[in-house]
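One structure below.
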Amino acid sequence: MIEPVSEDTILITLAPAIDDTLPARIASLVDSFRRAGFHWLVDMVPSYTTLMVVYDPMLIDFRQVTAELRPIIHRLSTQAHTAELKSRLVELPVYYSAETGPDLQWLASESGLDCEEVIRRHSSVEYRVHALGFAPGFAFMGQVDPSIAAPRKTTPRKQVPAGSVGIANRQTAVYPQVSPGGWQLIGRCPTRLFDPTNLSLLKVGDRVRFTPISREAFLAAGGELIS
Amino acid sequence: MSWLEVIHPGVQSSVQDSGRRGYRHHGLAAGGALDLISFTWANKLLDNPRHAGCLEIMLGGFRAIAHGSLRIAITGARTSVTVNGEPVEMWRTLNLNDGDELAISHSAHNRLIYLAVAGGLDSPQQFGSRTVVVREKLEGRGPIKAGDKLVLREPQRKVPSREVPAHQRPDFSSEVVLGLIPGYQYTQFQRSDILRLTTSGYTVSDQSDRMGFRLQGEALDCPPPGIISEGIAHGSVQIPGDGQPIVLLNDGQTIGGYPKPGVVPILDCSRLAQQLPGDRVRFELCDLATAQNQRRLFELHYQNTRWCQNGQALEWL
């Protein structure tokens, strides 16, 4: 479904609910639009079930945008699984601990597990990047095992250290920079998720796996323990 | 080369152009001048490129010294401007000579003042733009500080004396009418809530900044629940649980999960961005074609007009 939302923006909705095949489908849509080389294309914002497209209203109008995008959307909807093969796997090391994950203990007792089991469940699943937003390079990944899902904190922290790995409901994410935030923190990743030259490490459609690492390995990889 | 030395930056001043294009999928805001109308006129007065960098000065209280001679233009919120203590006019070209002191008073009526220099300001570009999005806390990109040098992109050429014709200057003093293009979750809102939104007025809250403007007034009774996060268009009207609208502007988040009854056209966002806490605004339904037409006329006017010889009017090419 394609709808206008503003004078220079349309919203393409692919499905009414989140499912794990959507990130790959949306990523291949982004790819195809970009490859088509539309001179009027300004920006694309993929999210869980939608793709927002910003166009230059001096070059095209809503009707024509729809007419040009519709055949591409149609073609891709009939060959969704080819995209599945091309998606990239990114491994992110995480030092799970009380000193880097102030909510790890709380999450464990809340879910009736011990810390090791929370870590095992968080790191044994392959996640999908569903959306980017909130802050530069902040990737929303899903879905965590229901047993370790946890609501956001009622009062967000004023300052969450860069690299913090958090859980909010069935989503997980790494904070790319220091920022306020309400996710339950369970560890920290030494990998930079955003820098001004290479931009965001992750993009919608990527597969992600977290690998537990030791304190030493975390420090050796440039991780910082400040809180 | 001439430059401006900042003595007092004011509450918050930053270099802005028309913002980033094509970086929102990295989670980067578009940024850019909040009041596109005043920004555009400042550049037009000096025959600058459409996207040239200007200084966006929030609430005035700005002072700077000229080093070398400069041609400048000041537009936006009504306030008093002096050069070496002598009053000068806004919305027209001005010459500064070496050692001149430019002072822009606090603005009591509106929010944003734009200072353009002939050829545009030079400042580091990142992601294809000179915009400074303070909330992203990216290294080396913050607001202007006292002592900063504002460097120019090119030697100062002579610009004839010009002023924006009175009837073409935006009027920020009367109640602002915000167009609302129905979209996103419009149909999920109750009819009575859409009526409430478009018939009761709102006031600008003091919790308003470059990310978005919070409005206060009659709360919507029963907004739809949160939605799956989706891309946020410039000007999107978010209705959180308390039923009070938030209009998202240039530095807003790229995605979000609050329901939205529609989007305010960019030119109306410019008028909104000029309002101070307590100022009145109201929404009025507006169709997409009208919003697109207004935007195109605005852009075409910039691209396809030139100043008449006397500098008092513009003519179409």
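Every chain in the structure tokens takes a letter, A first, then B, and so on in the order presented; its residues are numbered from 1, and the ligands are numbered from 1 following the presented order.
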
Query raised in the report: Leaving out His122 (chain A) and any residue of its chain fewer than 2 positions from it, which residues lie within 9 Å of it when counting only C-alpha atoms, given as a PyMOL selection string?
Result: chain A and resi 117-120+124-125+144-145+148+172+210

Would you save the residues from that selection as a PDB file, in the first residue's frame, using N, CA and C atoms?
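Listed below is the output, result_39.pdb:
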```pdb
ATOM      1  N   GLU A 117      22.249 -17.848  32.305  1.00  0.00           N
ATOM      2  CA  GLU A 117      21.183 -18.312  31.420  1.00  0.00           C
ATOM      3  C   GLU A 117      20.625 -17.134  30.601  1.00  0.00           C
ATOM      4  N   VAL A 118      20.525 -15.961  31.204  1.00  0.00           N
ATOM      5  CA  VAL A 118      20.071 -14.772  30.470  1.00  0.00           C
ATOM      6  C   VAL A 118      21.052 -14.498  29.328  1.00  0.00           C
ATOM      7  N   ILE A 119      22.348 -14.548  29.649  1.00  0.00           N
ATOM      8  CA  ILE A 119      23.386 -14.298  28.642  1.00  0.00           C
ATOM      9  C   ILE A 119      23.293 -15.339  27.525  1.00  0.00           C
ATOM     10  N   ARG A 120      23.129 -16.616  27.927  1.00  0.00           N
ATOM     11  CA  ARG A 120      23.049 -17.685  26.928  1.00  0.00           C
ATOM     12  C   ARG A 120      21.862 -17.453  25.993  1.00  0.00           C
ATOM     13  N   SER A 124      22.306 -16.675  21.935  1.00  0.00           N
ATOM     14  CA  SER A 124      22.189 -17.901  21.136  1.00  0.00           C
ATOM     15  C   SER A 124      21.231 -17.721  19.963  1.00  0.00           C
ATOM     16  N   VAL A 125      20.682 -16.536  19.835  1.00  0.00           N
ATOM     17  CA  VAL A 125      19.692 -16.306  18.785  1.00  0.00           C
ATOM     18  C   VAL A 125      20.280 -15.369  17.724  1.00  0.00           C
ATOM     19  N   VAL A 144      14.024 -10.949  20.876  1.00  0.00           N
ATOM     20  CA  VAL A 144      14.645 -11.715  21.960  1.00  0.00           C
ATOM     21  C   VAL A 144      13.667 -12.779  22.451  1.00  0.00           C
ATOM     22  N   ASP A 145      14.213 -13.820  23.030  1.00  0.00           N
ATOM     23  CA  ASP A 145      13.405 -14.897  23.578  1.00  0.00           C
ATOM     24  C   ASP A 145      12.395 -14.306  24.577  1.00  0.00           C
ATOM     25  N   ILE A 148      13.252 -13.586  28.285  1.00  0.00           N
ATOM     26  CA  ILE A 148      14.111 -12.490  28.756  1.00  0.00           C
ATOM     27  C   ILE A 148      13.618 -11.121  28.260  1.00  0.00           C
ATOM     28  N   THR A 172      16.141  -5.753  21.024  1.00  0.00           N
ATOM     29  CA  THR A 172      17.447  -5.525  21.634  1.00  0.00           C
ATOM     30  C   THR A 172      18.205  -4.535  20.764  1.00  0.00           C
ATOM     31  N   PHE A 210      25.201 -11.907  18.814  1.00  0.00           N
ATOM     32  CA  PHE A 210      26.049 -11.395  19.897  1.00  0.00           C
ATOM     33  C   PHE A 210      26.919 -12.530  20.424  1.00  0.00           C
TER      34      PHE A 210
END
```

Query raised in the report: Could you list, as a ChimeraX atom specification, every residue of chain A that has an atom within 10 Å of an atom of chain B, counting only C-alpha atoms?
Result: /A:3-11,13,16-18,41-54,57-59,61-62,130-139,177-179,194-197,199-204

Just write the chosen residues, C-alpha atoms, as a PDB file, in the first residue's frame.
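Writing done, so here's part-v1.pdb:
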```pdb
ATOM      1  CA  GLU A   3       0.016   6.559   0.707  1.00  0.00           C
ATOM      2  CA  PRO A   4       1.032  10.208   0.640  1.00  0.00           C
ATOM      3  CA  VAL A   5       1.917  11.546   4.085  1.00  0.00           C
ATOM      4  CA  SER A   6       3.249  15.009   3.292  1.00  0.00           C
ATOM      5  CA  GLU A   7       4.091  17.331   0.415  1.00  0.00           C
ATOM      6  CA  ASP A   8       7.342  15.433  -0.234  1.00  0.00           C
ATOM      7  CA  THR A   9       6.900  12.062   1.455  1.00  0.00           C
ATOM      8  CA  ILE A  10       5.099   8.783   0.874  1.00  0.00           C
ATOM      9  CA  LEU A  11       4.742   5.748   3.094  1.00  0.00           C
ATOM     10  CA  THR A  13       3.240  -0.315   4.135  1.00  0.00           C
ATOM     11  CA  PRO A  16       0.004  -5.018   9.135  1.00  0.00           C
ATOM     12  CA  ALA A  17       2.252  -6.702  11.741  1.00  0.00           C
ATOM     13  CA  ILE A  18       5.942  -7.327  12.436  1.00  0.00           C
ATOM     14  CA  LEU A  41      14.684  10.329  -4.767  1.00  0.00           C
ATOM     15  CA  VAL A  42      15.886  12.236  -1.676  1.00  0.00           C
ATOM     16  CA  ASP A  43      15.734   9.799   1.228  1.00  0.00           C
ATOM     17  CA  MET A  44      14.398   6.448   2.391  1.00  0.00           C
ATOM     18  CA  VAL A  45      13.588   5.463   5.957  1.00  0.00           C
ATOM     19  CA  PRO A  46      12.912   1.742   6.399  1.00  0.00           C
ATOM     20  CA  SER A  47      11.247   0.563   9.592  1.00  0.00           C
ATOM     21  CA  TYR A  48       9.551  -2.598  10.910  1.00  0.00           C
ATOM     22  CA  THR A  49       6.685  -2.880   8.434  1.00  0.00           C
ATOM     23  CA  THR A  50       7.060   0.280   6.351  1.00  0.00           C
ATOM     24  CA  LEU A  51       9.356   2.167   4.024  1.00  0.00           C
ATOM     25  CA  MET A  52       9.117   5.968   3.997  1.00  0.00           C
ATOM     26  CA  VAL A  53      10.307   7.604   0.772  1.00  0.00           C
ATOM     27  CA  VAL A  54      11.139  11.313   0.529  1.00  0.00           C
ATOM     28  CA  PRO A  57       8.467  17.898  -5.064  1.00  0.00           C
ATOM     29  CA  MET A  58      10.090  20.189  -7.649  1.00  0.00           C
ATOM     30  CA  LEU A  59      10.783  17.185  -9.865  1.00  0.00           C
ATOM     31  CA  ASP A  61       4.387  14.641  -7.755  1.00  0.00           C
ATOM     32  CA  PHE A  62       2.708  11.994  -5.639  1.00  0.00           C
ATOM     33  CA  HIS A 130      14.204  -4.155  11.814  1.00  0.00           C
ATOM     34  CA  ALA A 131      14.765  -0.404  11.916  1.00  0.00           C
ATOM     35  CA  LEU A 132      17.291   2.368  12.531  1.00  0.00           C
ATOM     36  CA  GLY A 133      16.483   5.532  14.398  1.00  0.00           C
ATOM     37  CA  PHE A 134      16.317   7.251  17.789  1.00  0.00           C
ATOM     38  CA  ALA A 135      19.983   8.265  17.371  1.00  0.00           C
ATOM     39  CA  PRO A 136      22.593   7.939  14.601  1.00  0.00           C
ATOM     40  CA  GLY A 137      23.381   4.236  14.116  1.00  0.00           C
ATOM     41  CA  PHE A 138      20.841   2.987  16.704  1.00  0.00           C
ATOM     42  CA  ALA A 139      19.557  -0.337  15.308  1.00  0.00           C
ATOM     43  CA  GLN A 177      26.823   6.952  21.617  1.00  0.00           C
ATOM     44  CA  VAL A 178      26.248   8.227  25.128  1.00  0.00           C
ATOM     45  CA  SER A 179      22.589   9.212  25.342  1.00  0.00           C
ATOM     46  CA  PHE A 194      28.424   4.708  14.159  1.00  0.00           C
ATOM     47  CA  ASP A 195      31.211   6.951  13.001  1.00  0.00           C
ATOM     48  CA  PRO A 196      30.979   9.997  10.764  1.00  0.00           C
ATOM     49  CA  THR A 197      33.068   8.461   7.965  1.00  0.00           C
ATOM     50  CA  LEU A 199      28.176   5.964   9.089  1.00  0.00           C
ATOM     51  CA  SER A 200      26.006   3.228  10.557  1.00  0.00           C
ATOM     52  CA  LEU A 201      27.615  -0.230  10.848  1.00  0.00           C
ATOM     53  CA  LEU A 202      24.212  -1.922  10.699  1.00  0.00           C
ATOM     54  CA  LYS A 203      21.426  -1.504   8.200  1.00  0.00           C
ATOM     55  CA  VAL A 204      17.885  -2.772   8.015  1.00  0.00           C
TER      56      VAL A 204
END
```

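Look at Arg169 (chain B): the protein and nucleic acid residues within 12 Å of it, using only C-alpha atoms and passing over chain neighbours fewer than 6 places away, are Ile37, Ser38, Phe39, Thr40, Trp41, Ala42, Thr75, Gly76, Ala77, Arg78, Met90, Trp91, Arg92, Glu163, Arg271 and Ala313 of chain B.
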
Save out the residues we just selected, C-alpha atoms, as a PDB file, in the first residue's frame.
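So the final result, stored in result39.pdb, reads:
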```pdb
ATOM      1  CA  ILE B  37      11.113  31.468   4.660  1.00  0.00           C
ATOM      2  CA  SER B  38      13.427  33.876   6.503  1.00  0.00           C
ATOM      3  CA  PHE B  39      16.491  31.744   5.689  1.00  0.00           C
ATOM      4  CA  THR B  40      15.609  31.845   1.992  1.00  0.00           C
ATOM      5  CA  TRP B  41      15.071  35.615   1.946  1.00  0.00           C
ATOM      6  CA  ALA B  42      18.401  36.239   3.692  1.00  0.00           C
ATOM      7  CA  THR B  75      15.920  38.471   8.440  1.00  0.00           C
ATOM      8  CA  GLY B  76      13.501  36.655  10.731  1.00  0.00           C
ATOM      9  CA  ALA B  77      12.157  37.616  14.146  1.00  0.00           C
ATOM     10  CA  ARG B  78      11.504  41.351  14.605  1.00  0.00           C
ATOM     11  CA  MET B  90      16.334  44.101   8.889  1.00  0.00           C
ATOM     12  CA  TRP B  91      15.166  42.479   5.619  1.00  0.00           C
ATOM     13  CA  ARG B  92      17.706  44.442   3.567  1.00  0.00           C
ATOM     14  CA  GLU B 163      15.183  45.317   0.566  1.00  0.00           C
ATOM     15  CA  ARG B 271       5.870  30.006  10.795  1.00  0.00           C
ATOM     16  CA  ALA B 313      11.162  44.557  -6.042  1.00  0.00           C
TER      17      ALA B 313
END
```

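Ranking B:Ala146, B:Leu220, B:Ile104, B:Val164 by their shortest atom-to-atom distance to Gln190 (chain B), with only C-alpha atoms included, puts B:Leu220 first.
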
Query raised in the report: Which residue, B:Gly31, B:Pro155, B:Val133, B:Ala73, has the smallest gap to Glu89 (chain B) when you use only C-alpha atoms?
Result: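 Result for the nearest residue to Glu89 (chain B): B:Ala73.
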
Report task. Mind the document's chain letters and residue numbers, and return as a list in words the residues of region 226-276 of chain B that DSSP labels strand (DSSP E or B). Result ->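 Answer for region 226-276 of chain B restricted to strand (DSSP E or B) is Glu230, Gly231, Ser236, Val237, Gln238, Ile246, Val247, Leu248, Ile255, Gly256, Gly262 and Val263 of chain B.
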
Query raised in the report: Can you tell me, as a PyMOL selection string, what residues are no more than 7 Å from region 52-63 of chain B when counting only C-alpha atoms, ignoring any on the same chain fewer than 6 positions away?
Result: chain B and resi 6-17+33+43+102-107+111-116+120-121+130

Query - Counting only C-alpha atoms, the residue of A:Glu91, A:Val129, A:Gly205, A:Glu116 that sits nearest Asp31 (chain A) - result: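 Ranking A:Glu91, A:Val129, A:Gly205, A:Glu116 by distance to Asp31 (chain A), first place goes to A:Gly205.
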
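Minimum atom-to-atom distance to Gly37 (chain A), evaluated using only C-alpha atoms, belongs to A:Leu69 out of A:Thr78, A:Leu69, A:Thr100, A:Ser109.
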
Query raised in the report: If we count only C-alpha atoms, what is near Thr211 (chain A) at a cut-off of 12 Å, once residues fewer than 2 positions away on the same chain are taken out, given as a ChimeraX atom specification?
Result: /A:90-96,119-126,165,187-191,208-209,213-214,217-218

Which residues are close to Asp221 (chain B), i.e. within 7 Å by only C-alpha atoms, leaving aside same-chain residues fewer than 2 positions away? Reply as a compact mmCIF listing (two decimals) with N, CA and C atoms, in the first residue's frame.
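The resulting file, part_4.txt, is reproduced below:
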```txt
# COMPACT_ATOMS: atom_id res chain seq x y z
N ASP B 193 -12.30 13.76 17.78
CA ASP B 193 -10.95 14.21 18.09
C ASP B 193 -10.36 15.04 16.95
N ALA B 219 -7.02 18.58 25.13
CA ALA B 219 -6.41 17.28 24.84
C ALA B 219 -7.36 16.44 23.99
N PRO B 223 -6.94 9.22 21.61
CA PRO B 223 -6.08 8.95 20.46
C PRO B 223 -5.84 7.45 20.32
N GLY B 243 -2.63 13.25 24.83
CA GLY B 243 -3.55 13.89 23.90
C GLY B 243 -3.13 15.27 23.42
```

Query raised in the report: Neighbours of Val177 (chain B) within 8 Å (only C-alpha atoms; same-chain residues fewer than 2 positions away dropped), as number ranges by chain?
Result: B: 175, 179, 268, 281-284
